[in-house]
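Below is one structure, written out as structure tokens, with a few remarks after it.
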Amino acid sequence: MEGMTEANDQAENTRSIRDLPPAHYTFKIENFSLFSNTKVDSVESGDFEVDSYKWRLCLHPNGNKKSNGDGHISLYLAFSKSNAPPLGWEVNVDFKLFVYNQIHDKYLTIQDANGRVRRFHGMKTEIGFDQLLPLTLFNDESKGYLIDDCCMFGAEIFVIKHTSKGECLSLVKQPVHSTFTWNIQNFSALDRESCKSQVFAAGGHKWALLVYPKGNSTFEGKSLSLFLTLEDSETLPSGRTMYAEFTLRARDQLFGKHLEKNANCHFSNSIRDWGHLSFMPLDELNTLAKGFLVNNTLVVEAQIHVLTVVKELSGSCADMHGKT
């Protein structure tokens with residue numbers, strides 16, 4: 001377990017080896033022994049910018065003796081004094097620091113364990129690793145970190161910015177006005193390939209029934225085709241789907257033996273209608289004794305049972321955030 005710069009915070013860190021150099025900044029030091037032999041307490045890099053913030057690397061060649069770094073190299077990521085946050089402000093950061101191994105052409109990577117995020121704020125502008133490497137190991141040329149009195153360090157920084165954007169997804173059963181009935185009069189006289197009902201509202205969206213009196217696609221001339229259509233599918237954000245479970249129904253107007261078929265669909269910008277190509281054989285539909293056509297009127301229904309509803313993250317959904 002290695003020390004961190006915050007008081008009483010000896011958090012664990014993880015170490016790994018990788019080929020890729022640091023993505024954001026490399027800090028090369030030549031004549032390193034001159035810094036350590038002259039008892040220079042610390043050296044700082046120039047400013048470098050990541051995510052609109054300016055940063056510096058701060059190295060203690062003989063260890064930060066004020067923070068349990070004696071006998072080690074200490075290395076810190078620091079907010080540049082040119083943009084240090086005022087009191088009351090904070091920046092949340094996940095960062096990695098690096099030491100280059102010149103023999104193996106690899107980078108020793110050091111970061112906080114378990115994905116820990118660090119808070120920079122007005123009273124804490126420097127965070128890093130007190131015990132980056134033991135001086136005995138670092139100064140040993142055979143280990144590869146200090147060669148010809150030259151060494152290299154680096155940093156990668158990911159700033160976690162809160163966008164305050166989110167959504168609340170809920171599953172609604174039996175939404176208000178979930179059943180829509182369409183009386184199609186003069187059915188046998190319909191000469192169009194398809195007919196659409198008036199629009200109805202359910203679950204915050206606009207819907208319609210779509211019927212092909214003589215069937216559609218491979219079932220043309222064989223079966224009645226019936227579909228539920230999401231009329232405002234263009235309002236769904238790109239990539240968003242809306243799940244629905246529903247029943248399509250043809251009402252038996254004589255005996256109450258309705259024909260029902262269930263369906264479910266993830267409606268989207270590209271999938272706006274769903275149902276059954278072969279909903280009812282035309283022979284059965286046109287048999288008057290079956291009770292589906294009475295006074296040349298066909299009655300079809302859509303009943304929505306389950307629907308996903310998405311709202312901006314606020315209210316009751318926001319209140320649930322963080323609860324177990």
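We label chains A, B, ... in the order they appear in the structure tokens, count residues from 1 in each chain, and number ligands from 1 in the order shown.
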
Give me, as a list of chain:residue names, all polymer residues having an atom no more than 8 Å from A:Cys195, counting only C-alpha atoms and skipping those fewer than 5 positions away in the same chain. A:Leu210, A:Val211, A:Tyr212, A:Pro213

So which residues touch A:Gly239 within 10 Å, counting only C-alpha atoms, skipping near sequence neighbours fewer than 3 positions away, as number ranges by chain? A: 236, 268-270

Those selected residues, please, written with N, CA and C atoms and delivered as a CSV table (one decimal), in the first residue's frame.
chain,number,residue,atom,x,y,z
A,236,LEU,N,-39.1,9.9,-32.1
A,236,LEU,CA,-38.1,9.1,-31.3
A,236,LEU,C,-36.7,9.6,-31.7
A,268,SER,N,-39.4,2.0,-33.8
A,268,SER,CA,-38.3,2.9,-33.9
A,268,SER,C,-38.5,3.8,-35.2
A,269,ASN,N,-37.5,4.6,-35.5
A,269,ASN,CA,-37.6,5.4,-36.7
A,269,ASN,C,-37.8,4.6,-38.0
A,270,SER,N,-37.3,3.4,-38.0
A,270,SER,CA,-37.3,2.6,-39.2
A,270,SER,C,-38.4,1.5,-39.1

Measuring atom to atom with only C-alpha atoms, identify which of A:Phe32, A:Phe267, A:Trp182, A:Tyr76 is nearest to A:Lys196. A:Trp182

Going by DSSP on the backbone, which bits of stretch 146-273 of chain A are strand (DSSP E or B)? Write them as an mmCIF file with N, CA, C and O atoms, in the first residue's frame, please.
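Contents of out.cif, as written:
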data_model
loop_
_atom_site.group_PDB
_atom_site.id
_atom_site.type_symbol
_atom_site.label_atom_id
_atom_site.label_comp_id
_atom_site.auth_asym_id
_atom_site.auth_seq_id
_atom_site.Cartn_x
_atom_site.Cartn_y
_atom_site.Cartn_z
ATOM 1 N N ILE A 147 18.668 6.173 -17.324
ATOM 2 C CA ILE A 147 19.766 5.765 -18.203
ATOM 3 C C ILE A 147 20.504 7.018 -18.671
ATOM 4 O O ILE A 147 19.878 7.967 -19.156
ATOM 5 N N CYS A 150 19.182 10.300 -17.541
ATOM 6 C CA CYS A 150 17.973 10.819 -18.201
ATOM 7 C C CYS A 150 16.791 9.925 -17.855
ATOM 8 O O CYS A 150 16.907 8.695 -17.793
ATOM 9 N N CYS A 151 15.638 10.528 -17.636
ATOM 10 C CA CYS A 151 14.419 9.770 -17.315
ATOM 11 C C CYS A 151 13.208 10.470 -17.928
ATOM 12 O O CYS A 151 13.261 11.651 -18.293
ATOM 13 N N MET A 152 12.101 9.726 -18.044
ATOM 14 C CA MET A 152 10.886 10.273 -18.652
ATOM 15 C C MET A 152 9.667 9.857 -17.846
ATOM 16 O O MET A 152 9.536 8.699 -17.431
ATOM 17 N N PHE A 153 8.756 10.831 -17.672
ATOM 18 C CA PHE A 153 7.501 10.598 -16.973
ATOM 19 C C PHE A 153 6.350 11.049 -17.888
ATOM 20 O O PHE A 153 6.579 11.694 -18.918
ATOM 21 N N GLY A 154 5.138 10.717 -17.521
ATOM 22 C CA GLY A 154 4.010 11.116 -18.366
ATOM 23 C C GLY A 154 2.697 11.082 -17.626
ATOM 24 O O GLY A 154 2.611 10.653 -16.463
ATOM 25 N N ALA A 155 1.646 11.537 -18.331
ATOM 26 C CA ALA A 155 0.322 11.616 -17.709
ATOM 27 C C ALA A 155 -0.776 11.424 -18.747
ATOM 28 O O ALA A 155 -0.644 11.836 -19.908
ATOM 29 N N GLU A 156 -1.837 10.773 -18.308
ATOM 30 C CA GLU A 156 -3.099 10.696 -19.052
ATOM 31 C C GLU A 156 -4.206 11.119 -18.106
ATOM 32 O O GLU A 156 -4.255 10.684 -16.953
ATOM 33 N N ILE A 157 -5.110 11.954 -18.606
ATOM 34 C CA ILE A 157 -6.115 12.561 -17.737
ATOM 35 C C ILE A 157 -7.484 12.430 -18.382
ATOM 36 O O ILE A 157 -7.680 12.784 -19.548
ATOM 37 N N PHE A 158 -8.435 11.944 -17.612
ATOM 38 C CA PHE A 158 -9.830 11.916 -18.042
ATOM 39 C C PHE A 158 -10.648 12.720 -17.059
ATOM 40 O O PHE A 158 -10.783 12.354 -15.892
ATOM 41 N N VAL A 159 -11.174 13.860 -17.530
ATOM 42 C CA VAL A 159 -11.986 14.736 -16.680
ATOM 43 C C VAL A 159 -13.435 14.293 -16.783
ATOM 44 O O VAL A 159 -13.997 14.197 -17.880
ATOM 45 N N ILE A 160 -14.041 14.014 -15.644
ATOM 46 C CA ILE A 160 -15.438 13.582 -15.606
ATOM 47 C C ILE A 160 -16.312 14.817 -15.485
ATOM 48 O O ILE A 160 -16.346 15.479 -14.447
ATOM 49 N N GLU A 167 -32.199 10.180 -18.595
ATOM 50 C CA GLU A 167 -33.569 9.841 -18.915
ATOM 51 C C GLU A 167 -34.090 8.812 -17.927
ATOM 52 O O GLU A 167 -33.319 8.098 -17.276
ATOM 53 N N CYS A 168 -35.401 8.795 -17.829
ATOM 54 C CA CYS A 168 -36.092 7.858 -16.939
ATOM 55 C C CYS A 168 -36.913 6.916 -17.808
ATOM 56 O O CYS A 168 -37.819 7.355 -18.525
ATOM 57 N N LEU A 169 -36.590 5.640 -17.774
ATOM 58 C CA LEU A 169 -37.294 4.627 -18.551
ATOM 59 C C LEU A 169 -38.209 3.831 -17.627
ATOM 60 O O LEU A 169 -37.761 3.304 -16.611
ATOM 61 N N SER A 170 -39.475 3.780 -17.975
ATOM 62 C CA SER A 170 -40.422 2.998 -17.173
ATOM 63 C C SER A 170 -41.292 2.156 -18.093
ATOM 64 O O SER A 170 -41.453 2.459 -19.282
ATOM 65 N N LEU A 171 -41.826 1.093 -17.541
ATOM 66 C CA LEU A 171 -42.710 0.193 -18.276
ATOM 67 C C LEU A 171 -44.128 0.396 -17.740
ATOM 68 O O LEU A 171 -44.379 0.194 -16.547
ATOM 69 N N VAL A 172 -45.018 0.833 -18.608
ATOM 70 C CA VAL A 172 -46.389 1.156 -18.199
ATOM 71 C C VAL A 172 -47.322 0.046 -18.664
ATOM 72 O O VAL A 172 -47.322 -0.338 -19.835
ATOM 73 N N LYS A 173 -48.111 -0.459 -17.738
ATOM 74 C CA LYS A 173 -49.120 -1.457 -18.076
ATOM 75 C C LYS A 173 -50.484 -0.782 -18.228
ATOM 76 O O LYS A 173 -50.848 0.076 -17.448
ATOM 77 N N THR A 179 -57.263 1.023 -25.419
ATOM 78 C CA THR A 179 -58.034 0.274 -26.411
ATOM 79 C C THR A 179 -58.668 1.234 -27.412
ATOM 80 O O THR A 179 -59.311 2.216 -27.031
ATOM 81 N N PHE A 180 -58.457 0.936 -28.678
ATOM 82 C CA PHE A 180 -59.034 1.743 -29.747
ATOM 83 C C PHE A 180 -59.863 0.838 -30.643
ATOM 84 O O PHE A 180 -59.417 -0.229 -31.068
ATOM 85 N N THR A 181 -61.100 1.282 -30.954
ATOM 86 C CA THR A 181 -62.025 0.510 -31.795
ATOM 87 C C THR A 181 -62.274 1.264 -33.100
ATOM 88 O O THR A 181 -62.537 2.469 -33.090
ATOM 89 N N TRP A 182 -62.193 0.542 -34.193
ATOM 90 C CA TRP A 182 -62.382 1.134 -35.520
ATOM 91 C C TRP A 182 -63.489 0.373 -36.249
ATOM 92 O O TRP A 182 -63.361 -0.815 -36.525
ATOM 93 N N ASN A 183 -64.560 1.072 -36.558
ATOM 94 C CA ASN A 183 -65.661 0.506 -37.336
ATOM 95 C C ASN A 183 -65.429 0.831 -38.815
ATOM 96 O O ASN A 183 -65.529 2.000 -39.226
ATOM 97 N N ILE A 184 -65.121 -0.188 -39.596
ATOM 98 C CA ILE A 184 -64.849 0.022 -41.018
ATOM 99 C C ILE A 184 -66.133 -0.289 -41.792
ATOM 100 O O ILE A 184 -66.495 -1.453 -42.002
ATOM 101 N N CYS A 195 -56.036 0.673 -45.850
ATOM 102 C CA CYS A 195 -56.803 1.746 -45.216
ATOM 103 C C CYS A 195 -56.236 1.969 -43.816
ATOM 104 O O CYS A 195 -55.834 1.013 -43.136
ATOM 105 N N LYS A 196 -56.235 3.223 -43.398
ATOM 106 C CA LYS A 196 -55.717 3.560 -42.075
ATOM 107 C C LYS A 196 -56.800 4.266 -41.279
ATOM 108 O O LYS A 196 -57.547 5.100 -41.803
ATOM 109 N N PHE A 200 -55.145 7.802 -32.815
ATOM 110 C CA PHE A 200 -55.544 7.818 -31.411
ATOM 111 C C PHE A 200 -54.304 7.921 -30.534
ATOM 112 O O PHE A 200 -53.187 7.601 -30.960
ATOM 113 N N ALA A 201 -54.470 8.411 -29.322
ATOM 114 C CA ALA A 201 -53.344 8.644 -28.405
ATOM 115 C C ALA A 201 -53.347 7.605 -27.298
ATOM 116 O O ALA A 201 -54.400 7.269 -26.743
ATOM 117 N N ALA A 202 -52.166 7.106 -26.982
ATOM 118 C CA ALA A 202 -51.985 6.174 -25.865
ATOM 119 C C ALA A 202 -50.529 6.208 -25.440
ATOM 120 O O ALA A 202 -49.629 6.167 -26.286
ATOM 121 N N HIS A 205 -48.042 8.767 -27.057
ATOM 122 C CA HIS A 205 -47.712 8.683 -28.485
ATOM 123 C C HIS A 205 -48.983 8.572 -29.310
ATOM 124 O O HIS A 205 -50.075 8.306 -28.800
ATOM 125 N N LYS A 206 -48.825 8.781 -30.622
ATOM 126 C CA LYS A 206 -49.947 8.724 -31.552
ATOM 127 C C LYS A 206 -49.884 7.422 -32.336
ATOM 128 O O LYS A 206 -48.820 7.027 -32.832
ATOM 129 N N TRP A 207 -51.048 6.769 -32.449
ATOM 130 C CA TRP A 207 -51.126 5.455 -33.069
ATOM 131 C C TRP A 207 -52.243 5.426 -34.100
ATOM 132 O O TRP A 207 -53.099 6.301 -34.134
ATOM 133 N N ALA A 208 -52.256 4.395 -34.906
ATOM 134 C CA ALA A 208 -53.348 4.149 -35.844
ATOM 135 C C ALA A 208 -53.364 2.663 -36.177
ATOM 136 O O ALA A 208 -52.373 1.948 -35.964
ATOM 137 N N LEU A 209 -54.501 2.214 -36.668
ATOM 138 C CA LEU A 209 -54.612 0.851 -37.180
ATOM 139 C C LEU A 209 -54.490 0.891 -38.692
ATOM 140 O O LEU A 209 -55.003 1.802 -39.361
ATOM 141 N N LEU A 210 -53.810 -0.075 -39.248
ATOM 142 C CA LEU A 210 -53.597 -0.180 -40.682
ATOM 143 C C LEU A 210 -54.115 -1.537 -41.134
ATOM 144 O O LEU A 210 -53.697 -2.578 -40.602
ATOM 145 N N VAL A 211 -55.034 -1.537 -42.112
ATOM 146 C CA VAL A 211 -55.615 -2.783 -42.588
ATOM 147 C C VAL A 211 -55.439 -2.896 -44.096
ATOM 148 O O VAL A 211 -55.524 -1.899 -44.831
ATOM 149 N N TYR A 212 -55.133 -4.106 -44.535
ATOM 150 C CA TYR A 212 -55.104 -4.442 -45.957
ATOM 151 C C TYR A 212 -56.298 -5.364 -46.200
ATOM 152 O O TYR A 212 -56.257 -6.551 -45.849
ATOM 153 N N SER A 223 -55.599 -13.538 -47.076
ATOM 154 C CA SER A 223 -55.897 -13.202 -45.687
ATOM 155 C C SER A 223 -56.021 -11.691 -45.510
ATOM 156 O O SER A 223 -55.421 -10.904 -46.280
ATOM 157 N N LEU A 224 -56.775 -11.296 -44.514
ATOM 158 C CA LEU A 224 -56.794 -9.904 -44.073
ATOM 159 C C LEU A 224 -55.500 -9.635 -43.315
ATOM 160 O O LEU A 224 -55.091 -10.430 -42.466
ATOM 161 N N SER A 225 -54.815 -8.518 -43.622
ATOM 162 C CA SER A 225 -53.596 -8.124 -42.915
ATOM 163 C C SER A 225 -53.917 -6.944 -42.012
ATOM 164 O O SER A 225 -54.564 -5.978 -42.440
ATOM 165 N N LEU A 226 -53.439 -7.010 -40.751
ATOM 166 C CA LEU A 226 -53.781 -5.976 -39.776
ATOM 167 C C LEU A 226 -52.544 -5.601 -38.971
ATOM 168 O O LEU A 226 -51.817 -6.471 -38.482
ATOM 169 N N PHE A 227 -52.324 -4.287 -38.811
ATOM 170 C CA PHE A 227 -51.112 -3.795 -38.145
ATOM 171 C C PHE A 227 -51.441 -2.622 -37.217
ATOM 172 O O PHE A 227 -52.402 -1.881 -37.444
ATOM 173 N N LEU A 228 -50.600 -2.480 -36.204
ATOM 174 C CA LEU A 228 -50.605 -1.288 -35.355
ATOM 175 C C LEU A 228 -49.463 -0.395 -35.828
ATOM 176 O O LEU A 228 -48.337 -0.861 -36.004
ATOM 177 N N THR A 229 -49.755 0.898 -36.034
ATOM 178 C CA THR A 229 -48.760 1.833 -36.559
ATOM 179 C C THR A 229 -48.461 2.923 -35.547
ATOM 180 O O THR A 229 -49.382 3.520 -34.966
ATOM 181 N N LEU A 230 -47.173 3.175 -35.319
ATOM 182 C CA LEU A 230 -46.744 4.306 -34.493
ATOM 183 C C LEU A 230 -46.651 5.524 -35.404
ATOM 184 O O LEU A 230 -45.705 5.664 -36.186
ATOM 185 N N MET A 242 -38.983 1.931 -28.809
ATOM 186 C CA MET A 242 -40.055 1.919 -27.820
ATOM 187 C C MET A 242 -40.755 0.568 -27.896
ATOM 188 O O MET A 242 -41.309 0.205 -28.935
ATOM 189 N N TYR A 243 -40.720 -0.152 -26.798
ATOM 190 C CA TYR A 243 -41.273 -1.500 -26.768
ATOM 191 C C TYR A 243 -42.767 -1.448 -26.439
ATOM 192 O O TYR A 243 -43.201 -0.686 -25.567
ATOM 193 N N ALA A 244 -43.536 -2.262 -27.148
ATOM 194 C CA ALA A 244 -44.974 -2.344 -26.892
ATOM 195 C C ALA A 244 -45.443 -3.786 -27.029
ATOM 196 O O ALA A 244 -44.987 -4.520 -27.918
ATOM 197 N N GLU A 245 -46.345 -4.185 -26.142
ATOM 198 C CA GLU A 245 -47.063 -5.451 -26.250
ATOM 199 C C GLU A 245 -48.528 -5.112 -26.467
ATOM 200 O O GLU A 245 -49.090 -4.279 -25.742
ATOM 201 N N PHE A 246 -49.148 -5.748 -27.460
ATOM 202 C CA PHE A 246 -50.515 -5.361 -27.807
ATOM 203 C C PHE A 246 -51.282 -6.542 -28.394
ATOM 204 O O PHE A 246 -50.704 -7.563 -28.787
ATOM 205 N N THR A 247 -52.591 -6.370 -28.448
ATOM 206 C CA THR A 247 -53.489 -7.354 -29.052
ATOM 207 C C THR A 247 -54.224 -6.698 -30.204
ATOM 208 O O THR A 247 -54.733 -5.577 -30.074
ATOM 209 N N LEU A 248 -54.265 -7.374 -31.346
ATOM 210 C CA LEU A 248 -55.098 -6.966 -32.471
ATOM 211 C C LEU A 248 -56.322 -7.876 -32.489
ATOM 212 O O LEU A 248 -56.214 -9.088 -32.310
ATOM 213 N N ARG A 249 -57.467 -7.266 -32.737
ATOM 214 C CA ARG A 249 -58.718 -8.012 -32.537
ATOM 215 C C ARG A 249 -59.714 -7.683 -33.643
ATOM 216 O O ARG A 249 -59.868 -6.509 -34.037
ATOM 217 N N ALA A 250 -60.394 -8.717 -34.146
ATOM 218 C CA ALA A 250 -61.566 -8.544 -35.007
ATOM 219 C C ALA A 250 -62.767 -9.002 -34.199
ATOM 220 O O ALA A 250 -62.795 -10.148 -33.708
ATOM 221 N N LEU A 259 -61.818 -12.770 -32.718
ATOM 222 C CA LEU A 259 -60.525 -13.303 -33.130
ATOM 223 C C LEU A 259 -59.447 -12.342 -32.632
ATOM 224 O O LEU A 259 -59.467 -11.144 -32.956
ATOM 225 N N GLU A 260 -58.518 -12.875 -31.827
ATOM 226 C CA GLU A 260 -57.460 -12.047 -31.261
ATOM 227 C C GLU A 260 -56.091 -12.648 -31.573
ATOM 228 O O GLU A 260 -55.917 -13.867 -31.531
ATOM 229 N N LYS A 261 -55.149 -11.764 -31.835
ATOM 230 C CA LYS A 261 -53.759 -12.193 -32.007
ATOM 231 C C LYS A 261 -52.862 -11.182 -31.298
ATOM 232 O O LYS A 261 -53.033 -9.973 -31.460
ATOM 233 N N ASN A 262 -51.932 -11.712 -30.538
ATOM 234 C CA ASN A 262 -51.006 -10.852 -29.789
ATOM 235 C C ASN A 262 -49.757 -10.563 -30.617
ATOM 236 O O ASN A 262 -49.390 -11.325 -31.517
ATOM 237 N N ALA A 263 -49.106 -9.485 -30.252
ATOM 238 C CA ALA A 263 -47.863 -9.104 -30.932
ATOM 239 C C ALA A 263 -47.036 -8.238 -30.000
ATOM 240 O O ALA A 263 -47.548 -7.682 -29.022
ATOM 241 N N ASN A 264 -45.767 -8.138 -30.290
ATOM 242 C CA ASN A 264 -44.889 -7.210 -29.568
ATOM 243 C C ASN A 264 -43.849 -6.688 -30.539
ATOM 244 O O ASN A 264 -43.496 -7.365 -31.506
ATOM 245 N N CYS A 265 -43.371 -5.477 -30.266
ATOM 246 C CA CYS A 265 -42.463 -4.851 -31.207
ATOM 247 C C CYS A 265 -41.636 -3.780 -30.517
ATOM 248 O O CYS A 265 -42.117 -3.106 -29.593
ATOM 249 N N HIS A 266 -40.401 -3.613 -30.957
ATOM 250 C CA HIS A 266 -39.570 -2.470 -30.583
ATOM 251 C C HIS A 266 -39.706 -1.435 -31.709
ATOM 252 O O HIS A 266 -38.980 -1.477 -32.700
ATOM 253 N N PHE A 267 -40.664 -0.535 -31.563
ATOM 254 C CA PHE A 267 -40.887 0.489 -32.584
ATOM 255 C C PHE A 267 -39.712 1.458 -32.602
ATOM 256 O O PHE A 267 -39.075 1.735 -31.578
ATOM 257 N N ASP A 273 -44.611 0.133 -38.054
ATOM 258 C CA ASP A 273 -45.848 -0.658 -37.956
ATOM 259 C C ASP A 273 -45.498 -2.125 -37.773
ATOM 260 O O ASP A 273 -44.478 -2.612 -38.258
#

When you look at A:Gly46 with a cut-off of 12 Å (counting only C-alpha atoms), what residues show up, excluding the ones that are within fewer than 6 positions of it in the same chain? I need them as a VMD selection string. chain A and resid 25 to 28 54 to 58 77 to 82

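Ranking A:Ile103, A:Arg18, A:Glu49, A:Leu59 by their shortest atom-to-atom distance to A:Ser36, with only C-alpha atoms included, puts A:Leu59 first.
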
All residues 9 Å or closer to A:Asp148, only C-alpha atoms, same chain fewer than 3 positions away omitted, as a compact mmCIF listing (two decimals) with N, CA and C atoms, in the first residue's frame:
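Now in part-v7.txt:
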# COMPACT_ATOMS: atom_id res chain seq x y z
N GLU A 30 16.70 15.60 -18.11
CA GLU A 30 18.11 15.27 -18.32
C GLU A 30 18.93 15.76 -17.14
N ASN A 31 20.11 15.15 -16.97
CA ASN A 31 20.97 15.49 -15.82
C ASN A 31 20.19 15.39 -14.50
N GLU A 141 20.65 1.68 -12.92
CA GLU A 141 20.53 1.73 -14.37
C GLU A 141 20.05 0.41 -14.97
N CYS A 151 15.64 10.53 -17.64
CA CYS A 151 14.42 9.77 -17.32
C CYS A 151 13.21 10.47 -17.93

In Å, with one decimal, what is the gap from atom CA of A:Asp283 to atom CA of A:Gly215? 12.0 Å

Given only C-alpha atoms as the basis, pick out the residue of A:Leu97, A:Thr218, A:Thr308, A:Leu190 nearest to A:Ala23. A:Leu97

A:Leu288 surroundings by only C-alpha atoms, 12 Å radius, close-in-sequence under 2 positions cut, as a PyMOL selection string: chain A and resi 188+252-255+282-286+290-298

If you run DSSP on this backbone, which residues of stretch 36-228 of chain A come out as alpha helix (DSSP H), and could you give them as a compact mmCIF listing (two decimals) with N, CA and C atoms, in the first residue's frame?
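selection-v3.txt written:
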# COMPACT_ATOMS: atom_id res chain seq x y z
N SER A 36 18.88 15.85 -7.91
CA SER A 36 18.85 15.11 -6.65
C SER A 36 20.03 15.48 -5.75
N ASN A 37 21.21 15.73 -6.35
CA ASN A 37 22.38 16.04 -5.53
C ASN A 37 22.37 17.44 -4.97
N LEU A 135 13.91 4.93 -4.51
CA LEU A 135 15.09 5.54 -5.12
C LEU A 135 16.16 4.50 -5.46
N THR A 136 16.28 3.48 -4.63
CA THR A 136 17.28 2.44 -4.89
C THR A 136 17.00 1.73 -6.21
N LEU A 137 15.74 1.54 -6.51
CA LEU A 137 15.34 0.89 -7.76
C LEU A 137 15.46 1.87 -8.92
N PHE A 138 14.99 3.09 -8.73
CA PHE A 138 14.99 4.09 -9.79
C PHE A 138 16.41 4.43 -10.24

Interatomic distance (Å, one decimal) between atom CA of A:Thr125 and atom CA of A:Phe95: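 Between atom CA of A:Thr125 and atom CA of A:Phe95 the gap works out to 13.9 Å.
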
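Remark: for A:Leu108, the closest of the candidate residues A:Lys66, A:Lys165, A:His121, A:Arg15 is A:Arg15 (distances computed over only C-alpha atoms).
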
Between A:Val199, A:Val309, A:Ala113, A:Val91, which residue has the minimum interatomic distance to A:Tyr53, considering only C-alpha atoms? A:Val91

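The closest residue to A:Gly128, picked from A:Gln102, A:Ser74, A:Asn92, A:Ser42 and counting only C-alpha atoms, is A:Ser74.
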
Find the residues around A:Asn62 up to 7 Å (only C-alpha atoms counted), leave out those fewer than 6 positions away in its own chain, and share them as a PyMOL selection string. chain A and resi 36+70-73

Point-to-point distance from atom CA of A:Asp130 to atom CA of A:Gly88, Å rounded to tenths: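 Atom CA of A:Gly88 lies at a distance of 26.1 Å from atom CA of A:Asp130.
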